[in-house]
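K.L.:
Have a look at this one.
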Amino acid sequence: MGSYSLLSFEDGADLDVVHVESLTSALYVEDPADVDVYRDAFERLRAAALSPEHSADRIAQIREHTT
């Protein structure tokens with residue numbers, strides 16, 4: 001999976017868009033079912049991520065072992 005931006009709008013309309021950028025082009029995903037695929041992927045990543053505090057601790061641990 002590459003990088004992407006999920007653009008959500010609060011007015012409740014189906015205006016959410018995913019912007020996928022590559023070296024030579026960009027893609028805007030507007031189909032609600034396809035946008036949901038990206039949203040679900042983001043939620044899975046967020047659920048698996050460390051908290052900001054644990055991230056800082058982990059970075060400090062790695063830094064100690066590499067310097």
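How things are named: the first chain in the structure tokens is A, the next is B, and so on; residues count from 1 in each chain; ligands count from 1 in the order shown.
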Apply DSSP to the structure's backbone, then extract all residues of chain A labelled alpha helix (DSSP H) and return them as JSON, numbers by chain.
P.N.:
{"A": [32, 33, 34, 35, 36, 37, 38, 39, 40, 41, 42, 43, 44, 45, 46, 47, 48, 52, 53, 54, 55, 56, 57, 58, 59, 60, 61, 62, 63, 64, 65, 66]}
K.L.:
Please report, as a ChimeraX atom specification, each residue of chain A to which DSSP assigns strand (DSSP E or B) when run on this structure's backbone.
P.N.:
/A:4-7,17-21,26-29
K.L.:
Could you write out the selected residues, including N, CA, C and O atoms, as an mmCIF file, in the first residue's frame?
P.N.:
data_model
loop_
_atom_site.group_PDB
_atom_site.id
_atom_site.type_symbol
_atom_site.label_atom_id
_atom_site.label_comp_id
_atom_site.auth_asym_id
_atom_site.auth_seq_id
_atom_site.Cartn_x
_atom_site.Cartn_y
_atom_site.Cartn_z
ATOM 1 N N TYR A 4 -1.508 7.837 0.829
ATOM 2 C CA TYR A 4 -2.727 8.456 0.318
ATOM 3 C C TYR A 4 -3.258 9.416 1.372
ATOM 4 O O TYR A 4 -2.884 9.365 2.538
ATOM 5 N N SER A 5 -4.122 10.304 0.941
ATOM 6 C CA SER A 5 -4.798 11.232 1.845
ATOM 7 C C SER A 5 -6.294 11.006 1.726
ATOM 8 O O SER A 5 -6.824 10.950 0.618
ATOM 9 N N LEU A 6 -6.945 10.876 2.854
ATOM 10 C CA LEU A 6 -8.392 10.724 2.886
ATOM 11 C C LEU A 6 -8.983 12.075 3.247
ATOM 12 O O LEU A 6 -8.722 12.613 4.326
ATOM 13 N N LEU A 7 -9.743 12.644 2.352
ATOM 14 C CA LEU A 7 -10.331 13.959 2.554
ATOM 15 C C LEU A 7 -11.806 13.773 2.893
ATOM 16 O O LEU A 7 -12.575 13.274 2.075
ATOM 17 N N VAL A 17 -13.205 11.913 -0.454
ATOM 18 C CA VAL A 17 -12.343 11.625 -1.600
ATOM 19 C C VAL A 17 -11.007 11.115 -1.070
ATOM 20 O O VAL A 17 -10.538 11.552 -0.026
ATOM 21 N N VAL A 18 -10.400 10.199 -1.798
ATOM 22 C CA VAL A 18 -9.045 9.741 -1.500
ATOM 23 C C VAL A 18 -8.136 10.272 -2.597
ATOM 24 O O VAL A 18 -8.437 10.144 -3.784
ATOM 25 N N HIS A 19 -7.031 10.873 -2.172
ATOM 26 C CA HIS A 19 -6.025 11.372 -3.114
ATOM 27 C C HIS A 19 -4.812 10.459 -3.021
ATOM 28 O O HIS A 19 -4.209 10.319 -1.959
ATOM 29 N N VAL A 20 -4.497 9.803 -4.125
ATOM 30 C CA VAL A 20 -3.342 8.903 -4.202
ATOM 31 C C VAL A 20 -2.343 9.545 -5.153
ATOM 32 O O VAL A 20 -2.671 9.821 -6.303
ATOM 33 N N GLU A 21 -1.143 9.795 -4.647
ATOM 34 C CA GLU A 21 -0.135 10.472 -5.467
ATOM 35 C C GLU A 21 1.035 9.541 -5.724
ATOM 36 O O GLU A 21 1.502 8.839 -4.828
ATOM 37 N N ALA A 26 -1.406 11.487 -10.267
ATOM 38 C CA ALA A 26 -2.244 11.486 -9.071
ATOM 39 C C ALA A 26 -3.592 10.875 -9.433
ATOM 40 O O ALA A 26 -4.017 10.930 -10.591
ATOM 41 N N LEU A 27 -4.226 10.305 -8.452
ATOM 42 C CA LEU A 27 -5.523 9.665 -8.658
ATOM 43 C C LEU A 27 -6.459 10.153 -7.569
ATOM 44 O O LEU A 27 -6.083 10.230 -6.392
ATOM 45 N N TYR A 28 -7.665 10.498 -7.947
ATOM 46 C CA TYR A 28 -8.705 10.864 -6.996
ATOM 47 C C TYR A 28 -9.762 9.768 -7.013
ATOM 48 O O TYR A 28 -10.371 9.517 -8.039
ATOM 49 N N VAL A 29 -9.944 9.115 -5.876
ATOM 50 C CA VAL A 29 -10.916 8.034 -5.738
ATOM 51 C C VAL A 29 -12.171 8.639 -5.114
ATOM 52 O O VAL A 29 -12.113 9.168 -4.000
#
K.L.:
Measuring atom to atom with only C-alpha atoms, identify which of A:Ala56, A:Ala41, A:Val35, A:His65 is nearest to A:Asp14.
P.N.:
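Going through A:Ala56, A:Ala41, A:Val35, A:His65 one by one, the smallest distance to A:Asp14 is for A:Val35.
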K.L.:
To one decimal place, how far is atom CA of A:Arg39 from atom CA of A:Glu53 in Å?
P.N.:
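Separation between atom CA of A:Arg39 and atom CA of A:Glu53: 24.4 Å.
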